[in-house]
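A.B. asks: Just passing along the structure, written as structure tokens.
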Amino acid sequence: MDQFVGQILPYITVAIFLGGITWRIWRWMIPRIVHNITLAPFPSSWFTAIVLMLWQALSFWNLLKFDRPLWVGAWPMHIALLNIVGGHVVGFYTLGLQFHIIAPLIITEHMSEVASDFLGTFFGLVFLAALLYLLYRRFAVEKVKAVSSASDYLHLVLLIAIAALGNYMRLVPEVHMTYAEVREFLAGLFLFSPEPLPENVLFVWKFFLVQVLMIVFPFSKLMHAFGFFWERWIVNRPYKEAPLGLPNAKLQIQK
Amino acid sequence: MSEARKPQLVSDPHNLWKGSTGLRQAKRAKAELFQTLGVRVVPDDQKVEMAIKYLDKYRKEVRSFVMAMESCVKCGLCAENCHTYLGTGDPNNIPANRADLIRKVYKRYFTVQGRLFGSLVGAEDLTLDMLEKWYSYFYQCSECRRCGHVCPFGIDTCEVTFVGRQILFNLGIAPQLHTATGKAILETGNHMGLTKPGIEDTLEFLTEEIEEQYGWPIEFPVDKPDSDILYVPSSADFMLNPDTLKGAARFFQYVGANWTISSKIAEAGNFGYLSDQNRVQKELVNRAISEAVKLGCKKIVWGECGHGWRAAKMYIPTKSDYPDVDRIPITHIHDEVVEYIKAGALKLDKGRNPFSVTLHDPCNYVRACGLCDNMRIIMNAVVEDFREMHPCREQNFCCGGGSGILFDDPDMYQFRIEASLKKAEQIRATGAQVLCAPCSICKAQFYPMVKEHKLGVQVKGLIDLVGRALVFPDDQFEDDMEL
């Protein structure tokens with residue numbers, strides 16, 4: 001079983017993950033944008049439209065403005081997630097020396113490791129807390145409960161399980177995994193000579209659940225990460241107004 | 001009020017109105033009526049199969065619909081931003097849930113997760129019951145786009161409602177009101193079924209009214225050849241909002257425009273856009289351009305109508321069959337008035353509008369057509385005491401009648417009262433004497449609703465107020481407004 005989860009499944013997972021995303025976006029691209037349905041006030045150019053889009057993506061502006069209690073959970077959750085994903089990539093790749101590599105003269109190797117540890121722990125806890133809060137909202141807030149279906153809860157539960165395992169391994173010394181151990185295992189996968197899974201049940205479970213998440217991703221609402229841009233591309237686009245002025249009217253405006 | 005049941009806003013959780021009478025549905029058009037529109041009503045045993053076929057068709061054609069199906073994360077933000085949900089408390093009126101009525105079916109037939117996991121991901125088979133729900137809830141949505149405006153993704157439930165209504169129309173399910181209006185559009189080119197003699201009669205009468213009010217008459221040209229401007233008024237203006245027509249006439253007279261109204265397209269609105277976006281909508285789209293060409297017009301100026309202006313501004317360019325659509329600019333009368341106001345070219349007397357006025361932002365003007373600022377420029381130029389309601393501008397709420405859901409059958413009339421609750425609260429808070437609602441549907445909704453909610457305001461259009469404030473040398477202004 002360990003061999004399947006650690007050495008065979010990852011390749012299937014990545015194939016489904018990348019293939020699924022491509023397939024789903026392919027399907028979005030088949031229908032056309034038929035009419036101009038841009039939301040007013042209209043951006044004046046594509047540049048403004050894209051800035052607007054990115055600003056929405058970065059700040060969750062609409063949530064902040066129209067539903068503060070939701071923003072309090074959703075924004076930190078996504079920012080933490082972004083940092084966690086990035087942290088996993090650079091942290092394991094550089095063994096926690098990423099900050100030292102960026103500024104070798106100012107930041108020592110030790111400082112970088114401490115910073116990496118601290119940020120990992122911080123965002124890990126923020127992520128978990130925010131997810132629990134969002135799950136609580138699905139149960140407790142009438143209007144959110146009214147729009148939820150089973151999969152909405154399950155996505156959250158899956159993320160919570162992954163985050164909880166990650167935090168547990170980070171905070172409890174007995175089950176802690178070093179960057180080096182994980183890197184060795186991942187390197188094997190990337191170089192197509194898979195190593196056996198490290199002997200840590202929690203790690204195996206976490207590794208498995210992350211793969212479940214990646215398999216589910218392209219076939220669920222989690223695709224909103226991409227859907228956001230495809231949707232906003234339709235509703236935030238520049239509009240050129242028709243020229244004003246009444247032809248041949250006696251009273252003409254001098255321009 | 002038609003019943004003792006007193007509606008309250010859902011923000012007070014103890015006063016949730018639970019739809020105890022079951023599905024609320026407007027009176028349906030009969031098969032014979034559909035036949036006049038060239039649509040054969042699909043028999044019940046084939047409805048489901050046909051509906052899925054149409055759904056498949058539209059999902060391959062309309063990206064805005066597909067993205068609305070695919071991007072929602074069910075965050076619940078839209079709930080309290082929908083006046084229909086706020087007024088009725090019916091969970092199916094939460095925009096995310098309303099869209100889910102189609103999304104469940106879409107998932108079931110067109111997604112991997114829906115085919116494999118069914119109810120776990122909220123997928124459902126299409127049934128006749130579900131079609132009944134579509135009919136009920138897609139005609140409770142006023143397509144105001146407020147949910148699209150607040151949605152973090154910009155998901156426009158309006159696009160879902162459009163597709164839902166279109167599929168139903170294709171099957172032969174639509175309200176009597178929309179279908180009968182569609183028939184009038186095909187026959188006469190306007191919603192009210194006005195004929196040329198009728199139009200000319202009304203306008204002659206309005207000429208006399210102008211003379212009474214201002215001391216001198218203004219003629220309304222109808223089908224005048226070699227005109228430069230084609231003015232497209234809402235047909236409701238001939239019956240319900242004559243002041244809007246008078247205001248437009250005074251403006252065109254003031255600037256000395258060579259303008260005309262066409263009896264073939266005396267309609268700024270477009271009920272086709274709200275029920276059948278193919279044949280019926282196209283009828284008016286094509287009439288606008290062909291009439292402009294026939295009468296030699298170099299420009300089309302649109303009158304006061306919310307959905308109609310959106311349908312014209314955003315849909316005529318992509319829907320018209322005539323090549324001249326690219327050569328005849330179409331603008332809104334508000335935008336034209338603002339050009340003159342900005343240049344200081346109009347003599348306006350605020351004193352002729354001495355009352356306190358609040359502005360209801362028609363949904364389609366502010367969220368789809370970018371008229372926010374211009375309406376305020378006019379407002380500040382023509383009235384003495386302009387009071388904003390809250391929220392205003394792009395965040396303003398719908399009147400509750402948007403997308404033509406102005407049904408008169410008792411259950412739906414009660415619905416209109418509930419759907420306008422939020423609006424009533426906003427208006428009441430301003431304490432204004434006059435409610436400016438520059439849209440024919442808003443006006444038609446407000447005339448009865450200000451009475452139902454005991455708001456004690458007069459409903460006026462914006463061009464009405466411009467017409468009053470414009471000062472001609474010959475004017476002997478006599479106020480006909482009683483507050």
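All residue names refer to the structure tokens as shown: chains lettered A, B, ... in order, residues numbered from 1 in each chain, ligands numbered from 1 in order.
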Extract, using only C-alpha atoms, all DNA, RNA and protein residues at most 8 Å from Ala163 (chain A), discarding same-chain residues fewer than 2 positions from it, and format them as number ranges by chain.

C.D. replies: A: 124, 127-128, 159-161, 165-167

A.B. asks: Out of region 18-107 of chain B, which residues get alpha helix (DSSP H) from DSSP, as a PyMOL selection string?

C.D. replies: chain B and resi 31-36+44-59+63-71+83-88+95-107

A.B. asks: Between B:Val293, B:Leu86, B:Leu435, B:Ile261, single out the one closest to Tyr322 (chain B), counting only C-alpha atoms.

C.D. replies: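 Among the listed residues, B:Val293 lies closest to Tyr322 (chain B).
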
A.B. asks: Determine which residues of chain A sit within 6 Å of chain B, taking into account only C-alpha atoms, and present them as a PyMOL selection string.

C.D. replies: chain A and resi 31-33+36+39-41+62+144+147+149-151+219+221+224+227-228+231-232+242+249-251

A.B. asks: Take the residues from that selection and put them in a file with N, CA and C atoms, as a short mmCIF file (atom, residue, chain, number, x, y, z; two decimals), in the first residue's frame.

C.D. replies:
```cif
data_model
loop_
_atom_site.label_atom_id
_atom_site.label_comp_id
_atom_site.auth_asym_id
_atom_site.auth_seq_id
_atom_site.Cartn_x
_atom_site.Cartn_y
_atom_site.Cartn_z
N PRO A 31 -17.60 27.86 -25.51
CA PRO A 31 -18.61 28.90 -25.77
C PRO A 31 -17.98 30.28 -25.90
N ARG A 32 -18.69 31.19 -26.59
CA ARG A 32 -18.14 32.53 -26.81
C ARG A 32 -18.67 33.52 -25.77
N ILE A 33 -17.99 34.66 -25.69
CA ILE A 33 -18.57 35.80 -24.99
C ILE A 33 -19.43 36.50 -26.02
N ASN A 36 -21.62 42.17 -24.90
CA ASN A 36 -20.83 42.88 -23.91
C ASN A 36 -21.63 42.99 -22.61
N LEU A 39 -19.61 45.02 -16.30
CA LEU A 39 -20.26 45.69 -15.18
C LEU A 39 -19.78 47.13 -15.10
N ALA A 40 -20.73 48.05 -14.89
CA ALA A 40 -20.38 49.46 -14.72
C ALA A 40 -19.92 49.69 -13.27
N PRO A 41 -19.06 50.67 -13.01
CA PRO A 41 -18.43 51.57 -13.97
C PRO A 41 -17.40 50.83 -14.84
N ASN A 62 -14.56 42.71 -2.77
CA ASN A 62 -16.01 42.62 -2.64
C ASN A 62 -16.44 41.99 -1.32
N VAL A 144 -25.59 30.94 4.73
CA VAL A 144 -24.52 30.11 4.17
C VAL A 144 -24.95 28.65 4.19
N VAL A 147 -27.14 27.67 1.29
CA VAL A 147 -26.57 27.47 -0.05
C VAL A 147 -25.57 26.30 -0.11
N SER A 149 -23.99 22.49 -0.08
CA SER A 149 -24.34 21.07 -0.28
C SER A 149 -23.21 20.23 0.30
N ALA A 150 -23.39 18.91 0.31
CA ALA A 150 -22.45 18.02 1.01
C ALA A 150 -21.00 18.27 0.61
N SER A 151 -20.77 18.46 -0.68
CA SER A 151 -19.39 18.60 -1.13
C SER A 151 -18.73 19.86 -0.56
N PHE A 219 -12.20 18.69 -10.72
CA PHE A 219 -13.61 18.30 -10.91
C PHE A 219 -14.50 18.87 -9.81
N LYS A 221 -15.48 22.65 -7.23
CA LYS A 221 -15.53 24.11 -7.19
C LYS A 221 -14.16 24.70 -6.87
N HIS A 224 -12.26 27.30 -8.83
CA HIS A 224 -12.54 28.75 -8.82
C HIS A 224 -11.24 29.56 -8.84
N GLY A 227 -11.33 29.85 -12.35
CA GLY A 227 -12.62 30.38 -12.75
C GLY A 227 -12.73 31.87 -12.50
N PHE A 228 -12.11 32.31 -11.41
CA PHE A 228 -12.12 33.74 -11.09
C PHE A 228 -11.72 34.58 -12.29
N GLU A 231 -14.17 34.26 -15.32
CA GLU A 231 -15.42 34.98 -15.10
C GLU A 231 -15.19 36.48 -15.18
N ARG A 232 -14.17 36.97 -14.51
CA ARG A 232 -13.92 38.43 -14.50
C ARG A 232 -13.55 38.94 -15.89
N ALA A 242 -20.37 55.56 -27.29
CA ALA A 242 -20.67 56.17 -28.59
C ALA A 242 -20.47 57.68 -28.49
N ALA A 249 -28.23 69.81 -34.90
CA ALA A 249 -29.06 70.60 -33.98
C ALA A 249 -28.57 72.05 -34.05
N LYS A 250 -29.50 73.01 -33.84
CA LYS A 250 -29.10 74.42 -33.94
C LYS A 250 -28.10 74.79 -32.85
N LEU A 251 -28.35 74.25 -31.65
CA LEU A 251 -27.47 74.54 -30.53
C LEU A 251 -26.37 73.46 -30.48
#
```

A.B. asks: What is the CA of Tyr413 (chain B)-CA of Lys27 (chain B) distance in Å, reported with one decimal?

C.D. replies: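 Spanning CA of Tyr413 (chain B) to CA of Lys27 (chain B) is a straight-line distance of 11.5 Å.
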
A.B. asks: So, with only C-alpha atoms as the atoms that count, which of B:Asp324, B:Asp226, B:Asp243, B:Asp361 lies closest to Met389 (chain B)?

C.D. replies: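 Smallest distance to Met389 (chain B) is found for B:Asp361.
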
A.B. asks: How far is it from CA of Ile289 (chain B) to CA of Glu304 (chain B), in Å with one decimal?

C.D. replies: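 We find that CA of Ile289 (chain B) and CA of Glu304 (chain B) lie 18.4 Å from each other.
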
A.B. asks: Extract the full set of strand (DSSP E) residues from region 364-471 of chain B according to DSSP on the backbone, and format it as a list in words.

C.D. replies: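 Checking each residue of region 364-471 of chain B, the strand (DSSP E) ones are Asp385, Phe386, Arg387, Val434, Leu435, Cys436, Gln458, Val459 and Lys460 of chain B.
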
A.B. asks: Could you list, as an NGL selection string, every residue within 12 Å of Leu406 (chain B), counting only C-alpha atoms and ignoring same-chain residues fewer than 2 positions away?

C.D. replies: :B and (26-27 or 139-142 or 175-178 or 271 or 399-404 or 408-417 or 419-420 or 440-449)

A.B. asks: Write the residues of the preceding selection, restricted to N, CA and C atoms, as a compact mmCIF listing (two decimals), in the first residue's frame.

C.D. replies:
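Output file result-v6.txt is given in full below:
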```
# COMPACT_ATOMS: atom_id res chain seq x y z
N ALA B 26 -46.52 33.17 -11.96
CA ALA B 26 -47.37 34.11 -12.68
C ALA B 26 -48.25 33.34 -13.66
N LYS B 27 -49.36 33.96 -14.02
CA LYS B 27 -50.28 33.35 -14.97
C LYS B 27 -49.56 33.07 -16.29
N TYR B 139 -38.78 33.83 -12.78
CA TYR B 139 -39.63 35.01 -12.93
C TYR B 139 -39.86 35.70 -11.59
N GLN B 140 -39.09 35.35 -10.57
CA GLN B 140 -39.06 36.19 -9.37
C GLN B 140 -37.77 37.00 -9.35
N CYS B 141 -36.81 36.58 -10.15
CA CYS B 141 -35.54 37.32 -10.27
C CYS B 141 -35.78 38.52 -11.16
N SER B 142 -35.29 39.69 -10.74
CA SER B 142 -35.52 40.86 -11.59
C SER B 142 -34.30 41.20 -12.44
N PRO B 175 -44.78 33.75 -18.86
CA PRO B 175 -45.94 34.45 -18.32
C PRO B 175 -46.78 35.04 -19.44
N GLN B 176 -48.07 35.11 -19.19
CA GLN B 176 -48.99 35.78 -20.10
C GLN B 176 -48.48 37.19 -20.43
N LEU B 177 -48.05 37.90 -19.40
CA LEU B 177 -47.60 39.28 -19.58
C LEU B 177 -46.48 39.38 -20.61
N HIS B 178 -45.46 38.55 -20.46
CA HIS B 178 -44.32 38.64 -21.37
C HIS B 178 -44.67 38.17 -22.77
N PHE B 271 -39.18 43.56 -24.24
CA PHE B 271 -39.57 42.39 -23.45
C PHE B 271 -39.03 41.09 -24.04
N CYS B 399 -36.14 48.13 -7.86
CA CYS B 399 -37.49 48.53 -7.44
C CYS B 399 -38.35 47.31 -7.09
N GLY B 400 -37.94 46.14 -7.55
CA GLY B 400 -38.72 44.93 -7.30
C GLY B 400 -39.55 44.52 -8.51
N GLY B 401 -39.52 45.34 -9.56
CA GLY B 401 -40.29 45.00 -10.75
C GLY B 401 -39.40 44.73 -11.94
N GLY B 402 -38.09 44.80 -11.72
CA GLY B 402 -37.12 44.64 -12.80
C GLY B 402 -37.39 43.42 -13.65
N SER B 403 -36.99 43.49 -14.91
CA SER B 403 -37.17 42.43 -15.89
C SER B 403 -38.65 42.15 -16.14
N GLY B 404 -39.46 43.15 -15.92
CA GLY B 404 -40.86 43.06 -16.31
C GLY B 404 -41.72 42.14 -15.48
N ASP B 408 -50.00 41.00 -12.12
CA ASP B 408 -51.14 41.50 -11.37
C ASP B 408 -51.93 40.42 -10.64
N ASP B 409 -51.67 39.13 -10.94
CA ASP B 409 -52.43 38.11 -10.22
C ASP B 409 -52.09 38.18 -8.72
N PRO B 410 -53.07 37.91 -7.87
CA PRO B 410 -52.95 38.24 -6.44
C PRO B 410 -51.65 37.76 -5.78
N ASP B 411 -51.29 36.51 -6.04
CA ASP B 411 -50.10 35.97 -5.38
C ASP B 411 -48.85 36.71 -5.83
N MET B 412 -48.77 37.00 -7.11
CA MET B 412 -47.59 37.68 -7.62
C MET B 412 -47.60 39.16 -7.25
N TYR B 413 -48.78 39.72 -7.11
CA TYR B 413 -48.85 41.11 -6.67
C TYR B 413 -48.32 41.23 -5.24
N GLN B 414 -48.70 40.26 -4.43
CA GLN B 414 -48.17 40.20 -3.06
C GLN B 414 -46.64 40.07 -3.11
N PHE B 415 -46.16 39.27 -4.05
CA PHE B 415 -44.72 39.12 -4.22
C PHE B 415 -44.08 40.47 -4.54
N ARG B 416 -44.72 41.25 -5.40
CA ARG B 416 -44.15 42.55 -5.77
C ARG B 416 -44.04 43.46 -4.55
N ILE B 417 -45.02 43.35 -3.68
CA ILE B 417 -44.97 44.16 -2.46
C ILE B 417 -43.76 43.75 -1.62
N ALA B 419 -41.05 42.19 -2.70
CA ALA B 419 -39.80 42.46 -3.40
C ALA B 419 -39.42 43.93 -3.34
N SER B 420 -40.39 44.79 -3.06
CA SER B 420 -40.07 46.23 -3.01
C SER B 420 -39.90 46.73 -1.58
N SER B 440 -39.13 53.06 -17.20
CA SER B 440 -40.57 52.78 -17.31
C SER B 440 -41.02 51.65 -16.39
N ILE B 441 -40.18 50.62 -16.26
CA ILE B 441 -40.58 49.51 -15.39
C ILE B 441 -40.58 49.96 -13.93
N CYS B 442 -39.54 50.71 -13.55
CA CYS B 442 -39.51 51.23 -12.18
C CYS B 442 -40.76 52.06 -11.91
N LYS B 443 -41.10 52.92 -12.87
CA LYS B 443 -42.28 53.77 -12.68
C LYS B 443 -43.53 52.90 -12.52
N ALA B 444 -43.66 51.91 -13.41
CA ALA B 444 -44.85 51.05 -13.36
C ALA B 444 -44.90 50.26 -12.05
N GLN B 445 -43.75 49.93 -11.52
CA GLN B 445 -43.72 49.25 -10.23
C GLN B 445 -44.04 50.22 -9.09
N PHE B 446 -43.51 51.44 -9.19
CA PHE B 446 -43.66 52.37 -8.08
C PHE B 446 -45.06 52.96 -7.97
N TYR B 447 -45.73 53.21 -9.10
CA TYR B 447 -47.06 53.83 -9.00
C TYR B 447 -47.92 53.08 -7.98
N PRO B 448 -48.05 51.73 -8.09
CA PRO B 448 -48.82 51.08 -7.03
C PRO B 448 -48.03 50.89 -5.72
N MET B 449 -46.72 50.68 -5.81
CA MET B 449 -45.98 50.31 -4.60
C MET B 449 -45.85 51.46 -3.60
```
